[in-house]
>>> print(open('run_16.csv').read())   # CSV, C-alpha atoms
chain,number,residue,atom,x,y,z
M,22,MET,CA,80.4,52.1,119.7
M,23,ASN,CA,80.9,48.9,121.8
M,24,LYS,CA,77.9,47.3,120.1
M,25,LYS,CA,79.3,48.2,116.7
M,26,TYR,CA,82.7,46.9,117.6
M,27,SER,CA,81.1,43.7,118.9
M,28,GLU,CA,79.3,43.3,115.5
M,29,PHE,CA,82.6,43.8,113.7
M,30,ASN,CA,84.5,41.4,115.9
M,31,SER,CA,81.8,38.8,115.3
M,32,LEU,CA,81.9,39.3,111.6
M,33,ILE,CA,85.7,38.8,111.5
M,34,LYS,CA,85.4,35.7,113.8
M,35,SER,CA,82.8,34.2,111.5
M,36,LEU,CA,85.1,34.6,108.5
M,37,LEU,CA,88.3,33.1,109.9
M,38,ASP,CA,88.6,29.3,110.2
M,39,PRO,CA,90.4,28.5,113.4
M,40,LYS,CA,92.2,25.7,111.6
M,41,PHE,CA,94.5,28.4,110.1
M,42,THR,CA,94.7,31.0,112.9
M,43,ALA,CA,94.9,30.2,116.6
M,44,ASN,CA,93.7,33.6,117.7
M,45,TYR,CA,91.7,35.5,115.1
M,46,GLU,CA,92.1,38.7,117.0
M,47,HIS,CA,95.7,38.9,116.0
M,48,VAL,CA,95.8,40.3,112.5
M,49,ASP,CA,99.4,39.2,111.9
M,50,THR,CA,98.4,35.5,112.3
M,51,TRP,CA,96.0,35.6,109.3
M,52,THR,CA,96.9,33.7,106.1
M,53,SER,CA,97.0,35.5,102.8
M,54,MET,CA,93.7,34.0,101.7
M,55,GLN,CA,92.1,34.9,105.0
M,56,THR,CA,93.2,38.5,104.5
M,57,LEU,CA,91.5,38.7,101.2
M,58,ILE,CA,88.3,37.3,102.7
M,59,VAL,CA,88.3,39.9,105.4
M,60,VAL,CA,89.0,42.8,102.9
M,61,SER,CA,86.2,41.6,100.8
M,62,ALA,CA,83.8,41.4,103.8
M,63,ILE,CA,84.7,44.8,105.1
M,64,ASP,CA,84.1,46.2,101.6
M,65,GLU,CA,80.7,44.5,101.4
M,66,HIS,CA,79.5,45.4,104.9
M,67,TYR,CA,81.1,48.8,105.4
M,68,ASP,CA,81.7,50.0,101.8
M,69,VAL,CA,85.4,50.6,102.6
M,70,VAL,CA,88.4,49.2,100.8
M,71,ILE,CA,91.4,48.5,103.0
M,72,ALA,CA,94.7,48.5,101.3
M,73,TYR,CA,97.2,45.7,102.2
M,74,GLU,CA,99.7,48.1,103.9
M,75,GLU,CA,96.9,49.5,106.0
M,76,LEU,CA,95.7,46.1,107.1
M,77,LYS,CA,99.3,45.0,107.9
M,78,ALA,CA,99.8,48.0,110.1
M,79,CYS,CA,97.0,46.8,112.3
M,80,SER,CA,98.0,44.3,115.1
M,81,THR,CA,94.5,43.5,116.4
M,82,VAL,CA,90.9,43.3,115.2
M,83,LYS,CA,90.2,46.3,117.4
M,84,GLU,CA,92.8,48.4,115.5
M,85,LEU,CA,91.3,47.2,112.2
M,86,TYR,CA,87.9,48.3,113.4
M,87,GLU,CA,89.2,51.7,114.2
M,88,LEU,CA,90.7,52.0,110.8
M,89,VAL,CA,87.5,51.0,109.1
M,90,VAL,CA,85.5,53.5,111.2
M,91,SER,CA,88.0,56.3,110.3
M,92,LYS,CA,87.5,55.6,106.6
M,93,VAL,CA,83.7,55.5,107.0
M,94,ASP,CA,83.7,58.8,108.8
Y,1,MET,CA,88.8,60.5,77.0
Y,2,ALA,CA,87.8,57.2,78.7
Y,3,LEU,CA,84.2,57.0,77.6
Y,4,PHE,CA,83.5,56.6,73.8
Y,5,SER,CA,81.4,54.9,71.2
Y,6,ILE,CA,82.4,53.2,68.0
Y,7,SER,CA,80.0,52.8,65.2
Y,8,ASN,CA,79.8,50.6,62.1
Y,9,THR,CA,81.7,47.5,63.4
Y,10,ARG,CA,80.3,44.2,64.5
Y,11,ILE,CA,81.8,41.1,66.0
Y,12,ALA,CA,81.3,38.5,63.3
Y,13,GLY,CA,82.7,35.5,65.2
Y,14,ILE,CA,84.8,34.4,68.2
Y,15,SER,CA,86.9,31.2,68.7
Y,16,ALA,CA,89.2,30.0,71.4
Y,17,ALA,CA,91.9,27.4,71.9
Y,18,LEU,CA,93.4,25.9,75.1
Y,19,PRO,CA,96.2,23.4,75.7
Y,20,LYS,CA,94.9,19.9,76.5
Y,21,GLN,CA,97.4,19.5,79.4
Y,22,THR,CA,95.5,20.0,82.6
Y,23,VAL,CA,96.9,20.4,86.1
Y,24,SER,CA,94.9,20.5,89.3
Y,25,ASN,CA,95.4,22.9,92.2
Y,26,ARG,CA,94.8,19.9,94.5
Y,27,ASP,CA,98.2,18.7,93.5
Y,28,LEU,CA,100.0,21.8,94.7
Y,29,LYS,CA,103.2,21.2,96.7
Y,30,GLY,CA,104.0,23.0,99.9
Y,31,LEU,CA,100.4,23.5,101.0
Y,32,SER,CA,98.3,21.5,103.4
Y,33,ALA,CA,95.0,19.9,102.2
Y,34,GLN,CA,93.1,22.6,104.2
Y,35,GLU,CA,95.2,25.4,102.7
Y,36,ILE,CA,94.4,24.0,99.3
Y,37,ASP,CA,90.7,23.8,100.0
Y,38,LEU,CA,90.7,27.5,101.1
Y,39,LEU,CA,92.7,28.5,98.1
Y,40,ILE,CA,90.3,26.8,95.7
Y,41,THR,CA,87.3,28.2,97.6
Y,42,THR,CA,88.7,31.7,97.6
Y,43,THR,CA,90.1,31.9,94.1
Y,44,GLY,CA,87.6,29.5,92.5
Y,45,ILE,CA,90.4,27.9,90.5
Y,46,GLU,CA,90.6,24.1,90.6
Y,47,ASN,CA,92.2,23.3,87.3
Y,48,ARG,CA,94.6,25.1,84.9
Y,49,ARG,CA,95.8,24.5,81.4
Y,50,LEU,CA,99.5,24.5,80.6
Y,51,ALA,CA,101.0,24.9,77.2
Y,52,ASP,CA,103.8,22.4,76.5
Y,53,ASP,CA,107.3,23.5,75.6
Y,54,SER,CA,106.5,23.7,71.9
Y,55,THR,CA,103.3,25.7,72.2
Y,56,CYS,CA,103.1,29.5,72.5
Y,57,ALA,CA,100.2,31.9,72.5
Y,58,SER,CA,100.9,32.4,68.8
Y,59,ASP,CA,100.1,28.7,68.2
Y,60,LEU,CA,96.9,28.8,70.2
Y,61,CYS,CA,95.7,32.0,68.4
Y,62,LEU,CA,96.7,30.5,65.1
Y,63,ALA,CA,94.5,27.5,65.7
Y,64,ALA,CA,91.7,29.7,66.8
Y,65,GLY,CA,92.1,32.0,63.9
Y,66,GLU,CA,92.2,29.3,61.3
Y,67,MET,CA,89.1,27.7,62.7
Y,68,LEU,CA,87.2,31.0,62.8
Y,69,LEU,CA,88.2,32.1,59.3
Y,70,ASN,CA,87.2,28.7,57.9
Y,71,GLU,CA,83.8,28.8,59.7
Y,72,LEU,CA,83.2,32.3,58.5
Y,73,ASN,CA,84.3,31.4,55.0
Y,74,TRP,CA,86.3,34.6,54.9
Y,75,ASN,CA,88.8,35.2,52.1
Y,76,LYS,CA,92.1,35.7,53.9
Y,77,ALA,CA,93.2,38.2,51.3
Y,78,GLU,CA,90.4,40.5,52.4
Y,79,ILE,CA,91.6,40.9,56.0
Y,80,ASP,CA,92.7,44.5,56.3
Y,81,VAL,CA,94.1,44.5,59.9
Y,82,LEU,CA,95.4,42.0,62.4
Y,83,ILE,CA,96.1,43.0,66.0
Y,84,PHE,CA,97.7,40.6,68.4
Y,85,VAL,CA,97.2,41.3,72.1
Y,86,THR,CA,99.8,39.5,74.3
Y,87,GLN,CA,102.3,39.8,77.0
Y,88,THR,CA,104.1,36.6,76.0
Y,89,PRO,CA,105.1,37.0,72.4
Y,90,ASP,CA,107.3,34.3,70.8
Y,91,PHE,CA,110.2,36.7,70.5
Y,92,GLN,CA,111.3,40.0,71.9
Y,93,VAL,CA,111.2,41.2,68.3
Y,94,PRO,CA,109.3,41.0,66.0
Y,95,GLY,CA,105.8,40.9,67.5
Y,96,ASN,CA,103.4,38.0,67.1
Y,97,SER,CA,101.2,39.9,64.6
Y,98,MET,CA,103.9,39.6,61.9
Y,99,LEU,CA,104.3,35.9,62.5
Y,100,LEU,CA,100.6,35.4,62.3
Y,101,GLN,CA,100.3,37.5,59.1
Y,102,GLN,CA,102.7,35.0,57.6
Y,103,LYS,CA,101.2,31.8,59.1
Y,104,LEU,CA,97.6,32.7,58.3
Y,105,GLY,CA,98.6,33.6,54.8
Y,106,LEU,CA,97.3,37.2,54.9
Y,107,SER,CA,98.0,39.8,52.4
Y,108,THR,CA,101.0,42.0,52.7
Y,109,SER,CA,98.5,44.9,52.5
Y,110,CYS,CA,97.2,43.8,55.9
Y,111,ILE,CA,98.1,46.1,58.8
Y,112,ALA,CA,99.6,44.0,61.6
Y,113,PHE,CA,100.9,45.0,65.1
Y,114,ASP,CA,101.0,43.9,68.7
Y,115,ILE,CA,99.5,45.4,71.8
Y,116,ASN,CA,101.2,44.7,75.1
Y,117,GLN,CA,98.2,44.4,77.4
Y,118,GLY,CA,97.1,41.7,79.9
Y,119,CYS,CA,94.0,41.3,81.9
Y,120,ALA,CA,92.2,44.3,80.2
Y,121,GLY,CA,93.7,43.3,76.8
Y,122,TYR,CA,90.6,42.0,75.2
Y,123,VAL,CA,88.5,45.1,75.8
Y,124,TYR,CA,91.5,47.4,74.9
Y,125,GLY,CA,92.2,45.4,71.8
Y,126,LEU,CA,88.5,45.4,70.7
Y,127,SER,CA,88.4,49.1,71.1
Y,128,VAL,CA,91.5,49.7,69.0
Y,129,ILE,CA,90.6,47.4,66.1
Y,130,SER,CA,87.0,48.6,66.0
Y,131,SER,CA,88.1,52.3,66.0
Y,132,MET,CA,90.5,51.7,63.2
Y,133,MET,CA,88.0,49.9,61.1
Y,134,SER,CA,85.2,52.4,61.8
Y,135,SER,CA,87.2,55.5,61.0
Y,136,SER,CA,88.9,54.1,57.9
Y,137,GLY,CA,86.3,51.9,56.4
Y,138,MET,CA,88.4,48.8,56.5
Y,139,LYS,CA,86.0,45.9,56.0
Y,140,LYS,CA,87.5,42.9,57.8
Y,141,GLY,CA,89.8,42.6,60.8
Y,142,LEU,CA,91.1,39.9,63.1
Y,143,LEU,CA,91.8,40.4,66.8
Y,144,LEU,CA,94.0,37.7,68.3
Y,145,VAL,CA,94.3,37.7,72.1
Y,146,GLY,CA,96.3,35.1,74.0
Y,147,ASP,CA,99.0,34.4,76.5
Y,148,THR,CA,101.1,31.6,77.8
Y,149,ILE,CA,101.7,33.2,81.2
Y,150,THR,CA,102.7,29.8,82.7
Y,151,LYS,CA,106.0,30.2,80.8
Y,152,ILE,CA,107.0,33.4,82.8
Y,153,ILE,CA,106.0,32.4,86.3
Y,154,ASP,CA,108.2,30.7,88.9
Y,155,LYS,CA,106.8,27.2,89.5
Y,156,GLU,CA,107.8,27.5,93.1
Y,157,ASP,CA,105.8,30.7,93.6
Y,158,ASN,CA,102.5,29.8,95.2
Y,159,SER,CA,101.2,33.3,94.8
Y,160,THR,CA,101.2,32.9,91.0
Y,161,THR,CA,101.4,29.2,90.0
Y,162,PRO,CA,97.9,28.3,91.3
Y,163,ILE,CA,96.3,31.2,89.4
Y,164,PHE,CA,97.6,31.3,85.9
Y,165,SER,CA,96.8,29.3,82.8
Y,166,ASP,CA,97.3,29.5,79.0
Y,167,ALA,CA,94.9,30.2,76.2
Y,168,GLY,CA,94.4,31.9,72.8
Y,169,SER,CA,91.5,33.4,70.9
Y,170,ALA,CA,90.4,35.0,67.7
Y,171,THR,CA,87.7,37.5,67.1
Y,172,ALA,CA,86.6,38.5,63.7
Y,173,ILE,CA,85.4,42.1,63.2
Y,174,GLU,CA,83.4,43.3,60.3
Y,175,PHE,CA,82.4,46.8,59.0
Y,176,SER,CA,78.7,47.2,58.9
Y,177,ASN,CA,76.3,50.2,58.5
Y,178,GLU,CA,73.5,48.3,60.2
Y,179,VAL,CA,74.6,47.6,63.7
Y,180,ASN,CA,74.4,49.2,67.1
Y,181,PRO,CA,77.6,50.9,68.3
Y,182,MET,CA,80.0,49.4,70.7
Y,183,HIS,CA,80.7,51.5,73.8
Y,184,PHE,CA,83.8,51.6,75.9
Y,185,ASN,CA,85.2,52.9,79.2
Y,186,LEU,CA,89.0,52.5,79.4
Y,187,GLN,CA,91.2,53.5,82.3
Y,188,THR,CA,94.8,53.4,83.5
Y,189,ASP,CA,96.8,53.9,86.7
Y,190,GLY,CA,100.5,53.5,86.2
Y,191,THR,CA,101.3,54.5,89.7
Y,192,LYS,CA,100.7,50.8,90.6
Y,193,HIS,CA,102.5,49.3,87.7
Y,194,ASP,CA,104.6,47.1,90.0
Y,195,ALA,CA,101.5,45.3,91.3
Y,196,ILE,CA,102.0,42.8,88.5
Y,197,THR,CA,105.3,42.9,86.7
Y,198,VAL,CA,108.1,41.0,85.0
Y,199,ALA,CA,110.8,43.4,86.0
Y,200,LYS,CA,113.7,41.6,84.3
Y,201,GLY,CA,114.4,40.8,80.7
Y,202,GLY,CA,113.4,44.2,79.3
Y,203,ALA,CA,115.5,47.1,78.3
Y,204,ARG,CA,115.5,48.5,81.9
Y,205,THR,CA,117.1,45.4,83.4
Y,206,PRO,CA,118.3,43.2,80.5
Y,207,SER,CA,119.3,40.2,82.7
Y,208,LYS,CA,117.0,37.3,82.2
Y,209,GLU,CA,118.0,35.5,85.3
Y,210,ASP,CA,114.9,34.9,87.5
Y,211,ALA,CA,112.8,37.0,85.0
Y,212,TYR,CA,109.5,35.8,86.5
Y,213,MET,CA,106.2,37.5,86.9
Y,214,THR,CA,105.6,38.8,90.4
Y,215,MET,CA,102.1,39.7,91.6
Y,216,HIS,CA,101.0,41.6,94.7
Y,217,GLY,CA,97.6,39.9,94.9
Y,218,HIS,CA,96.3,42.0,97.7
Y,219,ASP,CA,96.9,45.2,95.8
Y,220,ILE,CA,95.2,43.8,92.7
Y,221,PHE,CA,92.3,42.7,94.9
Y,222,ALA,CA,91.8,46.1,96.5
Y,223,PHE,CA,92.1,47.8,93.1
Y,224,GLY,CA,89.4,45.5,91.7
Y,225,LEU,CA,87.1,46.2,94.6
Y,226,LYS,CA,87.6,50.0,94.2
Y,227,GLU,CA,87.6,50.5,90.5
Y,228,VAL,CA,85.8,47.9,88.4
Y,229,ALA,CA,82.1,48.4,89.4
Y,230,PRO,CA,82.3,52.2,89.1
Y,231,ASN,CA,83.8,51.8,85.6
Y,232,ILE,CA,80.9,49.6,84.6
Y,233,HIS,CA,78.3,51.9,86.2
Y,234,ALA,CA,79.9,54.9,84.4
Y,235,LEU,CA,79.7,53.0,81.1
Y,236,LEU,CA,76.0,52.1,81.6
Y,237,ASP,CA,75.2,55.7,82.5
Y,238,PHE,CA,77.1,57.0,79.4
Y,239,CYS,CA,74.9,54.7,77.2
Y,240,LYS,CA,71.8,55.4,79.2
Y,241,THR,CA,71.4,51.6,79.5
Y,242,ASP,CA,70.0,49.9,82.6
Y,243,LYS,CA,71.9,46.9,83.9
Y,244,ASP,CA,68.8,44.9,83.7
Y,245,ARG,CA,68.8,45.2,79.9
Y,246,ILE,CA,72.2,43.5,79.7
Y,247,ASP,CA,72.0,39.8,79.1
Y,248,TYR,CA,75.4,38.8,80.4
Y,249,PHE,CA,78.4,40.4,82.2
Y,250,VAL,CA,81.6,38.7,81.2
Y,251,PHE,CA,84.3,39.6,83.8
Y,252,HIS,CA,88.0,38.9,83.5
Y,253,GLN,CA,88.5,35.6,85.3
Y,254,ALA,CA,90.8,36.8,88.0
Y,255,ASN,CA,89.6,35.4,91.4
Y,256,LEU,CA,86.1,34.2,92.4
Y,257,LEU,CA,86.0,36.2,95.6
Y,258,LEU,CA,86.8,39.4,93.8
Y,259,ASN,CA,84.5,38.7,90.9
Y,260,GLU,CA,81.6,37.9,93.3
Y,261,SER,CA,82.3,41.2,95.1
Y,262,ILE,CA,82.2,43.0,91.8
Y,263,ARG,CA,79.0,41.2,90.7
Y,264,LYS,CA,77.3,42.3,93.9
Y,265,LYS,CA,78.5,45.9,93.6
Y,266,VAL,CA,77.2,46.1,90.0
Y,267,GLY,CA,73.9,44.5,91.3
Y,268,VAL,CA,73.4,41.6,88.9
Y,269,ASP,CA,72.3,38.0,89.5
Y,270,PRO,CA,74.8,35.2,89.3
Y,271,GLU,CA,73.0,33.7,86.3
Y,272,LYS,CA,74.1,36.6,84.2
Y,273,VAL,CA,77.8,36.3,85.2
Y,274,PRO,CA,79.4,33.2,83.6
Y,275,THR,CA,82.7,31.9,85.0
Y,276,THR,CA,85.4,29.6,83.8
Y,277,LEU,CA,87.6,30.0,86.8
Y,278,ALA,CA,87.1,26.5,88.1
Y,279,LYS,CA,87.8,24.8,84.7
Y,280,PHE,CA,90.5,27.0,83.3
Y,281,GLY,CA,91.9,29.5,85.8
Y,282,ASN,CA,93.2,32.9,84.9
Y,283,THR,CA,94.2,32.9,81.2
Y,284,SER,CA,95.3,36.5,81.3
Y,285,CYS,CA,94.0,38.6,78.3
Y,286,ALA,CA,92.1,35.6,76.9
Y,287,THR,CA,89.7,35.0,79.8
Y,288,ILE,CA,86.9,37.0,78.3
Y,289,PRO,CA,86.8,35.3,74.9
Y,290,ILE,CA,87.4,31.9,76.5
Y,291,THR,CA,84.4,32.4,78.8
Y,292,MET,CA,82.2,33.6,76.0
Y,293,VAL,CA,83.1,30.6,73.9
Y,294,SER,CA,82.9,28.1,76.7
Y,295,GLU,CA,79.8,29.3,78.5
Y,296,LEU,CA,77.7,31.5,76.2
Y,297,ALA,CA,78.2,29.8,72.8
Y,298,LYS,CA,74.6,28.5,72.5
Y,299,HIS,CA,73.2,32.0,73.2
Y,300,ILE,CA,75.6,34.2,71.2
Y,301,LYS,CA,75.3,31.9,68.2
Y,302,THR,CA,71.5,32.0,68.0
Y,303,GLU,CA,70.2,35.0,69.9
Y,304,GLU,CA,70.6,38.8,69.8
Y,305,THR,CA,72.5,39.5,73.0
Y,306,GLN,CA,73.8,42.6,74.8
Y,307,LEU,CA,76.9,42.0,76.8
Y,308,VAL,CA,79.1,43.9,79.2
Y,309,LEU,CA,82.7,42.8,78.9
Y,310,SER,CA,85.0,43.9,81.8
Y,311,GLY,CA,88.8,43.4,82.0
Y,312,PHE,CA,91.0,44.6,84.9
Y,313,GLY,CA,94.6,44.0,86.1
Y,314,VAL,CA,98.1,44.5,85.0
Y,315,GLY,CA,99.2,48.1,84.3
Y,316,LEU,CA,97.1,48.9,86.1
Y,317,SER,CA,94.6,48.9,83.3
Y,318,TRP,CA,90.9,48.4,83.3
Y,319,GLY,CA,88.0,48.8,81.0
Y,320,SER,CA,84.6,47.7,80.1
Y,321,ALA,CA,82.6,47.5,76.8
Y,322,ILE,CA,79.0,47.1,75.9
Y,323,VAL,CA,78.7,45.0,72.7
Y,324,ASN,CA,75.6,43.8,70.8
Y,325,LEU,CA,75.9,40.4,69.2
Y,326,ASP,CA,73.4,39.4,66.5
Y,327,GLY,CA,74.0,35.7,66.2
Y,328,ILE,CA,77.7,35.2,65.6
Y,329,VAL,CA,79.9,32.4,64.5
Y,330,CYS,CA,81.3,30.6,67.5
Y,331,PRO,CA,83.0,27.3,66.9
Y,332,GLU,CA,83.6,24.8,69.7
Y,333,LEU,CA,86.5,25.3,72.0
Y,334,ILE,CA,89.7,23.9,70.5
Y,335,GLU,CA,91.9,21.8,72.8
Y,336,MET,CA,95.3,21.1,71.5
>>> encode(input="run_16.csv", output="structure tokens")
Amino acid sequence: MNKKYSEFNSLIKSLLDPKFTANYEHVDTWTSMQTLIVVSAIDEHYDVVIAYEELKACSTVKELYELVVSKVD
Amino acid sequence: MALFSISNTRIAGISAALPKQTVSNRDLKGLSAQEIDLLITTTGIENRRLADDSTCASDLCLAAGEMLLNELNWNKAEIDVLIFVTQTPDFQVPGNSMLLQQKLGLSTSCIAFDINQGCAGYVYGLSVISSMMSSSGMKKGLLLVGDTITKIIDKEDNSTTPIFSDAGSATAIEFSNEVNPMHFNLQTDGTKHDAITVAKGGARTPSKEDAYMTMHGHDIFAFGLKEVAPNIHALLDFCKTDKDRIDYFVFHQANLLLNESIRKKVGVDPEKVPTTLAKFGNTSCATIPITMVSELAKHIKTEETQLVLSGFGVGLSWGSAIVNLDGIVCPELIEM
């Protein structure tokens, strides 16, 4: 589980330009475009579509990961 | 029933018209240079076309229609049906189809009506006109598809202004006993009707103050990821057609990131998926014909091609079609 979270965290970090968000691990700091990029990447890598309300209910990347895992399972 | 086939009709020609006035997303106000870069990279939209105050979708489609009928050398009196697909008619009433019946000089025996559809409008409209002609034996029909969405968006709204653009098109449909059928898969989900809406100015809320289009981009994005590729796969299965036999996939030009995701889900190479997002943006119901005319003209004029057309968005409505083109009339893009 830790390795898989680490991979997820690395994926998210790779997608988010630090010019726009000081701390990528805080979901509520993402711009609108960054949110779309993350939703697309999650769909591509995990075959899971995250709705906007679901993503906004997550405060951290960890919470987002747990949401993704729950949908995969 | 979502999946169906229509026989005995062929696309005889397609034409399209755009306003000359071009604006660049690089000139957007209220965004930093880096934000603009990210917007353009994500949406794929660099330039948009804006109709001036005196130009409506009816004018763009009139120009496209006149050009097409002239190149086809069709007798206007022989056109049996005209359908105008738009969300931006000239007037609340009557619809654009009646105006174009008059302006094109068509017979009073011509059936004419509007369809209120957006992003999926070309595919929906093609299915309706082809069905009517196939079942009735009507010989010639004209499908006009266009919008001037920029007239109903708030110029200060950076969720819509960088996206939308104006265009019109005309597609000539002909009855024929010697063609392959067209196939369609059309779907609807009205539970998310507020994902893209102009809530004011209709009968429900007559006030026209701030009657602008609003769009929940993320909802549309998630919907596109979830529904479009399965719709296309279902259509291919229905027709027992392998995706590798399709020459081109023409998607509604909504957003490059979304369209790329759909392309990968469908499992086709980029060379088979033309795009006009960078040049023209999202021209609503006209994106499919605009892309065909702009990017595929040299192929569809001279070669036999099999295309998947896929529209998705406002409604929510979505649908795809498989059409066979056998060397059609396709004049150059009109800019006016």
>>> atom_distance(input="run_16.csv", atom1="atom CA of Y:Arg48", atom2="atom CA of Y:Val293")
16.8 Å
>>> interface_residues(input="run_16.csv", of="chain M", to="chain Y", cutoff="9 Å", atoms="all atoms listed in the file", output="PDB file with C-alpha atoms, in the frame of the given file")
ATOM      1  CA  LYS M  40      92.200  25.700 111.600  1.00  0.00           C
ATOM      2  CA  PHE M  41      94.500  28.400 110.100  1.00  0.00           C
ATOM      3  CA  SER M  53      97.000  35.500 102.800  1.00  0.00           C
ATOM      4  CA  MET M  54      93.700  34.000 101.700  1.00  0.00           C
ATOM      5  CA  GLN M  55      92.100  34.900 105.000  1.00  0.00           C
ATOM      6  CA  THR M  56      93.200  38.500 104.500  1.00  0.00           C
ATOM      7  CA  LEU M  57      91.500  38.700 101.200  1.00  0.00           C
ATOM      8  CA  ILE M  58      88.300  37.300 102.700  1.00  0.00           C
ATOM      9  CA  VAL M  60      89.000  42.800 102.900  1.00  0.00           C
ATOM     10  CA  SER M  61      86.200  41.600 100.800  1.00  0.00           C
ATOM     11  CA  ALA M  62      83.800  41.400 103.800  1.00  0.00           C
ATOM     12  CA  ASP M  64      84.100  46.200 101.600  1.00  0.00           C
ATOM     13  CA  GLU M  65      80.700  44.500 101.400  1.00  0.00           C
ATOM     14  CA  VAL M  69      85.400  50.600 102.600  1.00  0.00           C
ATOM     15  CA  VAL M  70      88.400  49.200 100.800  1.00  0.00           C
ATOM     16  CA  ILE M  71      91.400  48.500 103.000  1.00  0.00           C
ATOM     17  CA  ALA M  72      94.700  48.500 101.300  1.00  0.00           C
ATOM     18  CA  TYR M  73      97.200  45.700 102.200  1.00  0.00           C
TER      19      TYR M  73
END
>>> atom_distance(input="run_16.csv", atom1="atom CA of Y:Met138", atom2="atom CA of Y:Ser317")
27.5 Å
>>> residues_around(input="run_16.csv", residues="Y:Tyr212", least_positions_apart="3", cutoff="7 Å", atoms="only C-alpha atoms", output="PyMOL selection string")
chain Y and resi 152-154+198
>>> residues_around(input="run_16.csv", residues="stretch 78-83 of chain M", least_positions_apart="2", cutoff="6 Å", atoms="all atoms listed in the file", output="PyMOL selection string")
chain M and resi 46-48+75-76+85-86
>>> write_last_selection(input="run_16.csv", atoms="C-alpha atoms", output="JSON list (two decimals), in the coordinates of the input")
[["chain", "number", "residue", "atom", "x", "y", "z"],
["M", 46, "GLU", "CA", 92.10, 38.70, 117.00],
["M", 47, "HIS", "CA", 95.70, 38.90, 116.00],
["M", 48, "VAL", "CA", 95.80, 40.30, 112.50],
["M", 75, "GLU", "CA", 96.90, 49.50, 106.00],
["M", 76, "LEU", "CA", 95.70, 46.10, 107.10],
["M", 85, "LEU", "CA", 91.30, 47.20, 112.20],
["M", 86, "TYR", "CA", 87.90, 48.30, 113.40]]
>>> residues_near_point(input="run_16.csv", point="(105.8, 39.8, 93.4)", cutoff="8 Å", atoms="all atoms listed in the file", output="PyMOL selection string")
chain Y and resi 195-197+213-216
>>> residues_near_point(input="run_16.csv", point="(103.4, 36.0, 67.8)", cutoff="9 Å", atoms="all atoms listed in the file", output="list in words")
Cys56, Ala57, Ser58, Asp59, Cys61, Phe84, Thr86, Thr88, Pro89, Asp90, Phe91, Pro94, Gly95, Asn96, Ser97, Met98, Leu99, Leu100 and Asp114 of chain Y
>>> atom_distance(input="run_16.csv", atom1="atom CA of Y:Thr191", atom2="atom CA of Y:Asn231")
18.2 Å
>>> residues_around(input="run_16.csv", residues="Y:Lys29", least_positions_apart="3", cutoff="12 Å", atoms="all atoms listed in the file", output="list in words")
Ser24, Asn25, Arg26, Ser32, Ala33, Glu35, Ile36, Lys155, Glu156, Asp157, Asn158, Thr161 and Pro162 of chain Y
>>> build_atoms(input="run_16.csv", residues="stretch 70-81 of chain Y", atoms="N, CA and C atoms", output="JSON list (two decimals), in the frame of the given file")
[["chain", "number", "residue", "atom", "x", "y", "z"],
["Y", 70, "ASN", "N", 87.78, 29.79, 58.71],
["Y", 70, "ASN", "CA", 87.20, 28.70, 57.90],
["Y", 70, "ASN", "C", 85.66, 28.67, 58.13],
["Y", 71, "GLU", "N", 85.23, 28.81, 59.39],
["Y", 71, "GLU", "CA", 83.80, 28.80, 59.70],
["Y", 71, "GLU", "C", 83.07, 29.99, 59.09],
["Y", 72, "LEU", "N", 83.76, 31.13, 59.06],
["Y", 72, "LEU", "CA", 83.20, 32.30, 58.50],
["Y", 72, "LEU", "C", 83.22, 32.33, 56.97],
["Y", 73, "ASN", "N", 84.06, 31.45, 56.44],
["Y", 73, "ASN", "CA", 84.30, 31.40, 55.00],
["Y", 73, "ASN", "C", 84.81, 32.74, 54.47],
["Y", 74, "TRP", "N", 85.71, 33.33, 55.26],
["Y", 74, "TRP", "CA", 86.30, 34.60, 54.90],
["Y", 74, "TRP", "C", 87.51, 34.35, 53.95],
["Y", 75, "ASN", "N", 87.63, 35.19, 52.93],
["Y", 75, "ASN", "CA", 88.80, 35.20, 52.10],
["Y", 75, "ASN", "C", 89.93, 35.89, 52.86],
["Y", 76, "LYS", "N", 91.00, 35.17, 53.12],
["Y", 76, "LYS", "CA", 92.10, 35.70, 53.90],
["Y", 76, "LYS", "C", 92.68, 36.98, 53.33],
["Y", 77, "ALA", "N", 92.65, 37.05, 52.02],
["Y", 77, "ALA", "CA", 93.20, 38.20, 51.30],
["Y", 77, "ALA", "C", 92.47, 39.49, 51.63],
["Y", 78, "GLU", "N", 91.24, 39.34, 52.14],
["Y", 78, "GLU", "CA", 90.40, 40.50, 52.40],
["Y", 78, "GLU", "C", 90.58, 41.05, 53.83],
["Y", 79, "ILE", "N", 91.38, 40.40, 54.63],
["Y", 79, "ILE", "CA", 91.60, 40.90, 56.00],
["Y", 79, "ILE", "C", 92.50, 42.09, 55.96],
["Y", 80, "ASP", "N", 91.99, 43.21, 56.44],
["Y", 80, "ASP", "CA", 92.70, 44.50, 56.30],
["Y", 80, "ASP", "C", 93.63, 44.74, 57.51],
["Y", 81, "VAL", "N", 93.29, 44.20, 58.66],
["Y", 81, "VAL", "CA", 94.10, 44.50, 59.90],
["Y", 81, "VAL", "C", 94.06, 43.30, 60.80]]
